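As provided, model-v5.cif (mmCIF, C-alpha atoms) reads as follows.
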```cif
data_coords
#
loop_
_atom_site.group_PDB
_atom_site.id
_atom_site.type_symbol
_atom_site.label_atom_id
_atom_site.label_comp_id
_atom_site.auth_asym_id
_atom_site.auth_seq_id
_atom_site.Cartn_x
_atom_site.Cartn_y
_atom_site.Cartn_z
ATOM 1 C CA MET M 675 0.287 55.813 -24.447
ATOM 2 C CA GLU M 676 3.638 57.484 -25.095
ATOM 3 C CA ASP M 677 5.474 54.075 -25.393
ATOM 4 C CA PRO M 678 3.337 51.372 -27.124
ATOM 5 C CA SER M 679 5.990 48.727 -26.409
ATOM 6 C CA LYS M 680 5.022 48.927 -22.715
ATOM 7 C CA ASN M 681 1.349 48.325 -23.448
ATOM 8 C CA ILE M 682 0.215 45.361 -21.331
ATOM 9 C CA LEU M 683 -1.250 43.545 -24.351
ATOM 10 C CA ASN M 684 2.004 43.884 -26.277
ATOM 11 C CA VAL M 685 4.028 42.729 -23.276
ATOM 12 C CA VAL M 686 1.820 39.667 -22.820
ATOM 13 C CA ASP M 687 1.983 38.846 -26.551
ATOM 14 C CA LYS M 688 5.774 39.179 -26.506
ATOM 15 C CA GLN M 689 6.108 36.874 -23.503
ATOM 16 C CA ALA M 690 3.743 34.355 -25.077
ATOM 17 C CA SER M 691 5.729 34.438 -28.347
ATOM 18 C CA GLU M 692 9.023 33.928 -26.517
ATOM 19 C CA ALA M 693 7.542 31.032 -24.525
ATOM 20 C CA LEU M 694 6.217 29.483 -27.739
ATOM 21 C CA VAL M 695 9.640 29.708 -29.423
ATOM 22 C CA GLU M 696 11.268 28.197 -26.313
ATOM 23 C CA GLN M 697 8.803 25.294 -26.182
ATOM 24 C CA LYS M 698 9.200 24.633 -29.913
ATOM 25 C CA TYR M 699 12.971 24.456 -29.535
ATOM 26 C CA LYS M 700 12.702 22.060 -26.599
ATOM 27 C CA LEU M 701 10.228 19.844 -28.451
ATOM 28 C CA LYS M 702 12.535 19.845 -31.508
ATOM 29 C CA VAL M 703 15.440 18.605 -29.364
ATOM 30 C CA ILE M 704 13.265 15.892 -27.786
ATOM 31 C CA ILE M 705 12.131 14.657 -31.213
ATOM 32 C CA GLU M 706 15.730 14.645 -32.493
ATOM 33 C CA THR M 707 16.795 12.611 -29.442
ATOM 34 C CA ILE M 708 14.011 10.072 -29.953
ATOM 35 C CA LEU M 709 15.005 9.785 -33.627
ATOM 36 C CA LEU M 710 18.616 9.210 -32.569
ATOM 37 C CA CYS M 711 17.568 6.416 -30.197
ATOM 38 C CA GLY M 712 15.452 4.820 -32.909
ATOM 39 C CA ARG M 713 18.124 5.089 -35.595
ATOM 40 C CA GLU M 714 20.807 3.604 -33.339
ATOM 41 C CA GLU M 715 18.428 1.008 -31.855
ATOM 42 C CA ILE M 716 18.858 2.409 -28.337
ATOM 43 C CA SER M 717 16.098 1.761 -25.806
ATOM 44 C CA ILE M 718 14.380 4.857 -24.413
ATOM 45 C CA ARG M 719 12.854 3.691 -21.146
ATOM 46 C CA GLY M 720 14.523 3.413 -17.746
ATOM 47 C CA SER M 721 13.550 2.070 -14.342
ATOM 48 C CA LYS M 722 12.196 5.533 -13.370
ATOM 49 C CA ASP M 723 11.170 7.240 -16.591
ATOM 50 C CA PHE M 724 8.687 9.615 -14.976
ATOM 51 C CA GLY M 725 8.450 12.456 -12.504
ATOM 52 C CA THR M 726 10.344 15.741 -12.278
ATOM 53 C CA PHE M 727 13.267 16.106 -14.665
ATOM 54 C CA SER M 728 16.551 17.511 -13.343
ATOM 55 C CA VAL M 729 19.531 18.629 -15.404
ATOM 56 C CA GLU M 730 21.740 17.257 -12.630
ATOM 57 C CA ALA M 731 22.542 13.564 -12.856
ATOM 58 C CA GLY M 732 21.005 11.351 -10.190
ATOM 59 C CA ASN M 733 21.568 7.809 -8.947
ATOM 60 C CA THR M 734 18.442 6.382 -10.596
ATOM 61 C CA ASN M 735 18.356 4.983 -14.119
ATOM 62 C CA GLU M 736 15.872 7.321 -15.780
ATOM 63 C CA GLY M 737 16.397 5.923 -19.246
ATOM 64 C CA ASN M 738 18.472 6.897 -22.261
ATOM 65 C CA LEU M 739 16.157 9.693 -23.421
ATOM 66 C CA ARG M 740 16.506 11.655 -20.183
ATOM 67 C CA ALA M 741 20.225 10.895 -19.994
ATOM 68 C CA LEU M 742 20.811 12.203 -23.528
ATOM 69 C CA LEU M 743 18.717 15.325 -22.887
ATOM 70 C CA ARG M 744 20.668 15.967 -19.684
ATOM 71 C CA TYR M 745 23.964 15.506 -21.526
ATOM 72 C CA ARG M 746 22.929 17.902 -24.289
ATOM 73 C CA ALA M 747 21.556 20.463 -21.832
ATOM 74 C CA ASN M 748 24.980 20.772 -20.191
ATOM 75 C CA GLY M 749 26.279 22.284 -23.429
ATOM 76 C CA ASP M 750 23.118 24.064 -24.541
ATOM 77 C CA ASP M 751 22.061 26.898 -22.226
ATOM 78 C CA LYS M 752 18.882 27.552 -24.206
ATOM 79 C CA LEU M 753 17.743 23.947 -23.750
ATOM 80 C CA LYS M 754 18.907 23.904 -20.128
ATOM 81 C CA GLN M 755 16.850 26.962 -19.196
ATOM 82 C CA SER M 756 13.847 25.591 -21.061
ATOM 83 C CA LEU M 757 14.031 22.285 -19.177
ATOM 84 C CA ILE M 758 14.477 24.063 -15.836
ATOM 85 C CA ASN M 759 11.715 26.619 -16.304
ATOM 86 C CA THR M 760 9.152 24.433 -18.040
ATOM 87 C CA PRO M 761 5.869 23.711 -16.184
ATOM 88 C CA LYS M 762 5.470 20.168 -14.900
ATOM 89 C CA ASN M 763 2.484 19.631 -17.182
ATOM 90 C CA ALA M 764 4.482 20.573 -20.302
ATOM 91 C CA THR M 765 7.746 18.628 -20.061
ATOM 92 C CA TYR M 766 6.993 16.531 -23.195
ATOM 93 C CA ILE M 767 9.199 13.665 -21.968
ATOM 94 C CA SER M 768 6.661 11.419 -20.216
ATOM 95 C CA PRO M 769 6.271 7.842 -21.530
ATOM 96 C CA GLN M 770 2.870 8.780 -22.979
ATOM 97 C CA ILE M 771 4.290 11.704 -24.952
ATOM 98 C CA GLN M 772 7.237 9.567 -26.048
ATOM 99 C CA ASN M 773 4.815 7.034 -27.507
ATOM 100 C CA GLU M 774 2.817 9.764 -29.235
ATOM 101 C CA ILE M 775 5.973 11.197 -30.813
ATOM 102 C CA ILE M 776 7.045 7.723 -31.965
ATOM 103 C CA GLU M 777 3.602 7.142 -33.514
ATOM 104 C CA VAL M 778 3.749 10.487 -35.327
ATOM 105 C CA ILE M 779 7.235 9.674 -36.652
ATOM 106 C CA GLY M 780 6.029 6.225 -37.766
ATOM 107 C CA THR M 781 3.025 7.738 -39.538
ATOM 108 C CA TYR M 782 5.262 10.254 -41.321
ATOM 109 C CA ILE M 783 7.646 7.505 -42.472
ATOM 110 C CA GLN M 784 4.671 5.474 -43.703
ATOM 111 C CA ILE M 785 3.355 8.465 -45.670
ATOM 112 C CA CYS M 786 6.767 8.923 -47.324
ATOM 113 C CA ILE M 787 6.892 5.231 -48.298
ATOM 114 C CA ILE M 788 3.361 5.290 -49.737
ATOM 115 C CA LYS M 789 4.272 8.402 -51.746
ATOM 116 C CA GLU M 790 7.170 6.478 -53.314
ATOM 117 C CA VAL M 791 4.895 3.497 -54.030
ATOM 118 C CA LYS M 792 2.352 5.744 -55.772
ATOM 119 C CA GLN M 793 5.119 7.185 -57.935
ATOM 120 C CA ALA M 794 6.123 3.644 -58.899
ATOM 121 C CA VAL M 795 2.434 2.843 -59.696
ATOM 122 C CA TYR M 796 2.824 -0.954 -59.601
ATOM 123 C CA PHE M 797 3.699 -2.835 -56.430
ATOM 124 C CA ALA M 798 3.733 -6.246 -54.748
ATOM 125 C CA ILE M 799 3.027 -7.282 -51.165
ATOM 126 C CA LEU M 800 4.972 -9.564 -48.829
ATOM 127 C CA VAL M 801 2.966 -10.859 -45.876
ATOM 128 C CA ASP M 802 3.810 -13.159 -43.000
ATOM 129 C CA GLU M 803 2.222 -14.124 -39.714
ATOM 130 C CA THR M 804 4.069 -13.628 -36.440
ATOM 131 C CA THR M 805 3.342 -13.758 -32.725
ATOM 132 C CA ASP M 806 4.432 -10.887 -30.474
ATOM 133 C CA ILE M 807 5.746 -11.167 -26.913
ATOM 134 C CA CYS M 808 2.166 -11.010 -25.555
ATOM 135 C CA GLY M 809 1.123 -14.011 -27.640
ATOM 136 C CA LYS M 810 -1.011 -11.970 -30.050
ATOM 137 C CA GLU M 811 -1.097 -13.149 -33.652
ATOM 138 C CA GLN M 812 -0.059 -10.377 -36.018
ATOM 139 C CA LEU M 813 0.333 -9.885 -39.729
ATOM 140 C CA SER M 814 3.437 -8.085 -40.994
ATOM 141 C CA LEU M 815 2.868 -6.172 -44.239
ATOM 142 C CA THR M 816 5.776 -5.222 -46.510
ATOM 143 C CA ILE M 817 5.499 -3.543 -49.908
ATOM 144 C CA ARG M 818 7.896 -4.220 -52.771
ATOM 145 C CA PHE M 819 8.164 -1.644 -55.542
ATOM 146 C CA TYR M 820 10.537 -0.021 -58.007
ATOM 147 C CA ASN M 821 11.958 3.306 -56.879
ATOM 148 C CA LYS M 822 12.438 5.431 -59.990
ATOM 149 C CA GLU M 823 14.739 7.998 -58.396
ATOM 150 C CA ALA M 824 17.100 5.419 -56.866
ATOM 151 C CA GLU M 825 16.630 3.103 -59.884
ATOM 152 C CA MET M 826 16.324 0.060 -57.659
ATOM 153 C CA VAL M 827 13.749 -2.337 -56.251
ATOM 154 C CA LYS M 828 12.880 -1.532 -52.641
ATOM 155 C CA GLU M 829 11.144 -3.529 -49.944
ATOM 156 C CA SER M 830 9.666 -1.380 -47.166
ATOM 157 C CA PHE M 831 7.924 -2.608 -44.038
ATOM 158 C CA ILE M 832 4.595 -0.834 -43.579
ATOM 159 C CA CYS M 833 2.895 -2.074 -40.422
ATOM 160 C CA TYR M 834 1.728 -4.886 -38.168
ATOM 161 C CA ILE M 835 -1.951 -5.814 -38.197
ATOM 162 C CA GLU M 836 -3.488 -7.732 -35.305
ATOM 163 C CA LEU M 837 -5.336 -10.864 -36.399
ATOM 164 C CA GLY M 838 -8.446 -12.287 -34.829
ATOM 165 C CA ASP M 839 -9.082 -15.031 -37.367
ATOM 166 C CA LEU M 840 -6.550 -17.077 -39.333
ATOM 167 C CA LYS M 841 -8.910 -18.088 -42.138
ATOM 168 C CA GLY M 842 -7.839 -17.203 -45.659
ATOM 169 C CA SER M 843 -10.986 -15.168 -46.281
ATOM 170 C CA SER M 844 -10.426 -13.059 -43.147
ATOM 171 C CA ILE M 845 -6.725 -12.440 -43.814
ATOM 172 C CA SER M 846 -7.325 -11.515 -47.461
ATOM 173 C CA ALA M 847 -10.029 -9.036 -46.407
ATOM 174 C CA ILE M 848 -7.678 -7.484 -43.842
ATOM 175 C CA ILE M 849 -4.897 -7.124 -46.434
ATOM 176 C CA LEU M 850 -7.136 -5.511 -49.062
ATOM 177 C CA ASN M 851 -8.726 -3.188 -46.490
ATOM 178 C CA LYS M 852 -5.280 -2.094 -45.309
ATOM 179 C CA ILE M 853 -4.119 -1.450 -48.881
ATOM 180 C CA ALA M 854 -7.171 0.755 -49.443
ATOM 181 C CA GLU M 855 -6.643 2.483 -46.081
ATOM 182 C CA LEU M 856 -3.091 3.352 -47.127
ATOM 183 C CA GLY M 857 -4.456 5.032 -50.247
ATOM 184 C CA LEU M 858 -3.157 2.440 -52.702
ATOM 185 C CA ASP M 859 -5.149 1.005 -55.581
ATOM 186 C CA ALA M 860 -5.175 -2.805 -55.546
ATOM 187 C CA GLU M 861 -5.707 -2.719 -59.325
ATOM 188 C CA PHE M 862 -1.964 -2.049 -59.557
ATOM 189 C CA LEU M 863 -1.098 -5.025 -57.334
ATOM 190 C CA ARG M 864 1.205 -7.286 -59.359
ATOM 191 C CA GLY M 865 2.583 -9.780 -56.847
ATOM 192 C CA GLN M 866 1.877 -11.657 -53.629
ATOM 193 C CA GLY M 867 4.567 -13.296 -51.517
ATOM 194 C CA TYR M 868 3.629 -15.662 -48.676
ATOM 195 C CA ASP M 869 4.838 -18.857 -47.056
ATOM 196 C CA GLY M 870 3.391 -22.250 -47.935
ATOM 197 C CA ALA M 871 0.766 -22.451 -45.179
ATOM 198 C CA SER M 872 -2.573 -23.677 -46.512
ATOM 199 C CA ASN M 873 -4.472 -20.570 -45.367
ATOM 200 C CA MET M 874 -2.026 -18.409 -47.340
ATOM 201 C CA SER M 875 -1.108 -20.457 -50.411
ATOM 202 C CA GLY M 876 -4.213 -22.649 -50.811
ATOM 203 C CA SER M 877 -5.547 -22.803 -54.370
ATOM 204 C CA ASN M 878 -9.194 -22.759 -53.261
ATOM 205 C CA ASN M 879 -9.642 -20.773 -50.043
ATOM 206 C CA GLY M 880 -6.102 -19.470 -49.549
ATOM 207 C CA VAL M 881 -5.303 -15.756 -49.372
ATOM 208 C CA GLN M 882 -3.489 -15.810 -52.700
ATOM 209 C CA SER M 883 -6.396 -17.444 -54.548
ATOM 210 C CA ILE M 884 -8.999 -15.056 -53.068
ATOM 211 C CA ILE M 885 -6.960 -11.953 -53.937
ATOM 212 C CA LYS M 886 -6.060 -13.303 -57.378
ATOM 213 C CA ALA M 887 -9.735 -13.931 -58.118
ATOM 214 C CA LYS M 888 -10.371 -10.207 -57.599
ATOM 215 C CA TYR M 889 -7.102 -9.000 -59.129
ATOM 216 C CA PRO M 890 -5.843 -11.552 -61.688
ATOM 217 C CA ALA M 891 -2.562 -9.698 -62.279
ATOM 218 C CA ALA M 892 -1.473 -10.284 -58.676
ATOM 219 C CA ILE M 893 0.713 -13.342 -59.215
ATOM 220 C CA TYR M 894 1.454 -15.497 -56.170
ATOM 221 C CA ILE M 895 5.084 -16.434 -55.486
ATOM 222 C CA HIS M 896 5.999 -18.864 -52.753
ATOM 223 C CA CYS M 897 8.531 -17.246 -50.365
ATOM 224 C CA SER M 898 11.998 -18.387 -51.473
ATOM 225 C CA SER M 899 13.231 -18.560 -47.859
ATOM 226 C CA HIS M 900 10.342 -20.865 -46.992
ATOM 227 C CA VAL M 901 11.074 -22.983 -50.075
ATOM 228 C CA LEU M 902 14.690 -23.237 -48.911
ATOM 229 C CA ASN M 903 13.467 -24.243 -45.481
ATOM 230 C CA LEU M 904 11.311 -27.019 -46.937
ATOM 231 C CA SER M 905 14.151 -28.184 -49.176
ATOM 232 C CA LEU M 906 16.634 -28.397 -46.319
ATOM 233 C CA ASN M 907 14.086 -30.155 -44.112
ATOM 234 C CA THR M 908 13.646 -32.736 -46.865
ATOM 235 C CA THR M 909 17.373 -33.218 -47.412
ATOM 236 C CA SER M 910 17.915 -33.450 -43.659
ATOM 237 C CA LYS M 911 16.283 -36.869 -43.810
ATOM 238 C CA ILE M 912 19.722 -37.957 -44.992
ATOM 239 C CA PRO M 913 21.461 -38.958 -41.703
ATOM 240 C CA GLU M 914 24.778 -37.271 -42.542
ATOM 241 C CA ILE M 915 23.146 -33.900 -43.271
ATOM 242 C CA ARG M 916 20.805 -34.081 -40.306
ATOM 243 C CA ASN M 917 23.688 -34.953 -37.981
ATOM 244 C CA ILE M 918 26.011 -32.192 -39.189
ATOM 245 C CA PHE M 919 23.444 -29.467 -38.467
ATOM 246 C CA SER M 920 22.893 -30.932 -35.014
ATOM 247 C CA ILE M 921 26.652 -31.082 -34.370
ATOM 248 C CA ILE M 922 27.193 -27.469 -35.485
ATOM 249 C CA SER M 923 24.395 -26.310 -33.188
ATOM 250 C CA GLU M 924 25.822 -28.194 -30.178
ATOM 251 C CA ILE M 925 29.410 -27.024 -30.754
ATOM 252 C CA CYS M 926 28.357 -23.373 -31.150
ATOM 253 C CA SER M 927 26.337 -23.595 -27.936
ATOM 254 C CA TYR M 928 29.253 -25.331 -26.166
ATOM 255 C CA PHE M 929 31.593 -22.414 -26.871
ATOM 256 C CA ARG M 930 29.069 -19.615 -26.362
ATOM 257 C CA ARG M 931 27.926 -20.910 -22.960
ATOM 258 C CA SER M 932 31.359 -20.380 -21.433
ATOM 259 C CA PRO M 933 33.421 -17.155 -21.532
ATOM 260 C CA LYS M 934 36.587 -19.227 -20.936
ATOM 261 C CA ARG M 935 35.912 -21.465 -23.928
ATOM 262 C CA SER M 936 35.097 -18.463 -26.104
ATOM 263 C CA ALA M 937 38.287 -16.702 -24.991
ATOM 264 C CA ALA M 938 40.392 -19.792 -25.703
ATOM 265 C CA LEU M 939 38.930 -20.112 -29.201
ATOM 266 C CA CYS M 940 39.447 -16.385 -29.789
ATOM 267 C CA ARG M 941 43.155 -16.724 -28.910
ATOM 268 C CA ILE M 942 43.501 -19.532 -31.430
ATOM 269 C CA PHE M 943 41.785 -17.385 -34.079
ATOM 270 C CA GLU M 944 44.200 -14.527 -33.349
ATOM 271 C CA LYS M 945 47.215 -16.858 -33.411
ATOM 272 C CA ARG M 946 46.206 -17.970 -36.922
ATOM 273 C CA ASN M 947 45.335 -14.422 -38.050
ATOM 274 C CA LYS M 948 41.670 -15.244 -38.563
ATOM 275 C CA SER M 949 39.184 -12.380 -38.750
ATOM 276 C CA SER M 950 36.612 -14.313 -36.688
ATOM 277 C CA LYS M 951 36.555 -13.668 -32.942
ATOM 278 C CA ARG M 952 33.909 -16.174 -31.858
ATOM 279 C CA LEU M 953 31.360 -18.601 -33.241
ATOM 280 C CA PRO M 954 27.971 -17.007 -33.973
ATOM 281 C CA SER M 955 24.740 -18.345 -32.561
ATOM 282 C CA TYR M 956 23.104 -21.102 -34.614
ATOM 283 C CA CYS M 957 19.649 -19.750 -35.436
ATOM 284 C CA GLU M 958 16.882 -22.291 -36.064
ATOM 285 C CA THR M 959 14.518 -19.935 -37.911
ATOM 286 C CA ARG M 960 16.511 -17.264 -39.755
ATOM 287 C CA TRP M 961 18.266 -18.892 -42.694
ATOM 288 C CA VAL M 962 20.444 -15.870 -43.430
ATOM 289 C CA GLU M 963 21.968 -16.103 -39.959
ATOM 290 C CA ARG M 964 22.216 -19.896 -40.135
ATOM 291 C CA HIS M 965 24.042 -19.658 -43.455
ATOM 292 C CA ASP M 966 26.609 -17.273 -41.908
ATOM 293 C CA CYS M 967 27.063 -19.600 -38.949
ATOM 294 C CA VAL M 968 27.642 -22.666 -41.151
ATOM 295 C CA GLN M 969 30.071 -20.751 -43.377
ATOM 296 C CA ILE M 970 32.136 -19.490 -40.421
ATOM 297 C CA PHE M 971 32.083 -22.971 -38.882
ATOM 298 C CA ARG M 972 33.335 -24.493 -42.148
ATOM 299 C CA GLU M 973 36.175 -21.963 -42.373
ATOM 300 C CA SER M 974 37.129 -22.501 -38.717
ATOM 301 C CA VAL M 975 37.064 -26.293 -38.408
ATOM 302 C CA GLU M 976 40.818 -26.572 -37.715
ATOM 303 C CA GLU M 977 40.704 -23.906 -34.991
ATOM 304 C CA ILE M 978 37.634 -25.502 -33.394
ATOM 305 C CA VAL M 979 39.296 -28.933 -33.336
ATOM 306 C CA GLU M 980 42.444 -27.429 -31.801
ATOM 307 C CA ALA M 981 40.396 -25.697 -29.114
ATOM 308 C CA LEU M 982 38.471 -28.881 -28.303
ATOM 309 C CA GLU M 983 41.732 -30.823 -28.021
ATOM 310 C CA GLU M 984 43.068 -28.187 -25.634
ATOM 311 C CA PHE M 985 40.051 -28.570 -23.401
ATOM 312 C CA GLY M 986 40.668 -32.277 -22.958
ATOM 313 C CA GLU M 987 38.200 -34.988 -22.184
ATOM 314 C CA ASP M 988 37.075 -33.395 -18.893
ATOM 315 C CA GLY M 989 36.084 -30.227 -20.709
ATOM 316 C CA LYS M 990 38.601 -28.029 -18.857
ATOM 317 C CA THR M 991 40.949 -25.937 -20.956
ATOM 318 C CA LYS M 992 44.669 -26.263 -20.303
ATOM 319 C CA PHE M 993 44.988 -22.476 -20.511
ATOM 320 C CA TYR M 994 43.560 -22.126 -16.995
#
```
Translate the structure of the given file into structure tokens.
Amino acid sequence: MEDPSKNILNVVDKQASEALVEQKYKLKVIIETILLCGREEISIRGSKDFGTFSVEAGNTNEGNLRALLRYRANGDDKLKQSLINTPKNATYISPQIQNEIIEVIGTYIQICIIKEVKQAVYFAILVDETTDICGKEQLSLTIRFYNKEAEMVKESFICYIELGDLKGSSISAIILNKIAELGLDAEFLRGQGYDGASNMSGSNNGVQSIIKAKYPAAIYIHCSSHVLNLSLNTTSKIPEIRNIFSIISEICSYFRRSPKRSAALCRIFEKRNKSSKRLPSYCETRWVERHDCVQIFRESVEEIVEALEEFGEDGKTKFY
């Protein structure tokens, strides 16, 4: 009664407040670490990303998240004590919690993007079909809009949507439902960008025709990359063009399959003061990457020929 600070209720409240501050700080560090891994495209998982966490390094690969937390804890006593003293049911670093944090971050990013789109008022959609590693058909949705603050046109990926039916009517319904779910008004939809597949570009039952029937201002534009693909496929009927792409692909693979061949070519590049270090992979589907590969190949023809001559007919380089 003489010293209220020693009252049991006040003591308990103080301890609870201190524990809350400690847990908030730890959770803040975990979120920052997950953001770092995402921003730098670093994987989080390890071969043993579960169980009791120790600030002392072990022999097991526990994943980058735990390794980064352990590294930071060695220079942060507050975090170190929090990780040591935390209950096993409140570590916040299990794979399940990691996924929940990632989902929350993704939702927040999506909200920020939609806020920018609403400020721009008018927008267009870019949609493509893709198959994930499990073989599930998915729809990737990207929104294109004008950012007033940055004074530039932006294209922002929004989400993947799992598909059960590839009919134009089903896909168009999924797209419009998702737009409404995001809080956007399809009345302000001014553009649609798809590939040339019949279920997407068809003039009768295609996605573009169904959406345009409801929203006439949503003009359909055939994806320029897909148009380029079709154009190059058509021109590749010319034997010389078809053969040169095949030759580039084989030569790039020939060098990339062997570290010795790559090293020999790299030495020739260095001897001629070329910025290139090796031939890039020839990608069959991504035209941006294929363009870079063809350009580097064109600029490095002399070095490639010299390297091939050094290897000799038996394929063994004279450098070794």
Practice task
Report the residues retrieved by the PyMOL selection byres ((chain M and resi 837) around 7) from the displayed file, expressed as JSON, numbers by chain.
Solution key: {"M": [811, 812, 813, 835, 836, 838, 839, 840]}
Handout entry: Hits of the PyMOL selection byres ((chain M and resi 880-893) around 6) in this structure, as a PyMOL selection string
Key = chain M and resi 842+846+863-866+873-879+894
Give me a file of those residues, with C-alpha atoms, as a PDB file, keeping the file's coordinate frame.
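What landed in again_7.pdb:
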```pdb
ATOM      1  CA  GLY M 842      -7.839 -17.203 -45.659  1.00  0.00           C
ATOM      2  CA  SER M 846      -7.325 -11.515 -47.461  1.00  0.00           C
ATOM      3  CA  LEU M 863      -1.098  -5.025 -57.334  1.00  0.00           C
ATOM      4  CA  ARG M 864       1.205  -7.286 -59.359  1.00  0.00           C
ATOM      5  CA  GLY M 865       2.583  -9.780 -56.847  1.00  0.00           C
ATOM      6  CA  GLN M 866       1.877 -11.657 -53.629  1.00  0.00           C
ATOM      7  CA  ASN M 873      -4.472 -20.570 -45.367  1.00  0.00           C
ATOM      8  CA  MET M 874      -2.026 -18.409 -47.340  1.00  0.00           C
ATOM      9  CA  SER M 875      -1.108 -20.457 -50.411  1.00  0.00           C
ATOM     10  CA  GLY M 876      -4.213 -22.649 -50.811  1.00  0.00           C
ATOM     11  CA  SER M 877      -5.547 -22.803 -54.370  1.00  0.00           C
ATOM     12  CA  ASN M 878      -9.194 -22.759 -53.261  1.00  0.00           C
ATOM     13  CA  ASN M 879      -9.642 -20.773 -50.043  1.00  0.00           C
ATOM     14  CA  TYR M 894       1.454 -15.497 -56.170  1.00  0.00           C
TER      15      TYR M 894
END
```
Handout entry: Non-local contacts of M:Ile708 (8 Å; all atoms listed in the file; under 3 positions in same chain excluded) as a list in words
Key =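 Skipping anything fewer than 3 positions along the chain leaves Ile704, Ile705, Cys711, Gly712, Ile718, Leu739, Gln772 and Ile776 of chain M.
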Exercise for the section: One decimal, Å: what's the distance from atom CA of M:Arg946 over to atom CA of M:Glu977, could you say? Expected result: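 Straight-line distance from atom CA of M:Arg946 to atom CA of M:Glu977 works out to 8.3 Å.
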Practice task
Work out how far apart atom CA of M:Asn903 and atom CA of M:Ser955 are and give it in Å to one decimal.
Solution key: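 Between atom CA of M:Asn903 and atom CA of M:Ser955 the gap is 18.1 Å.
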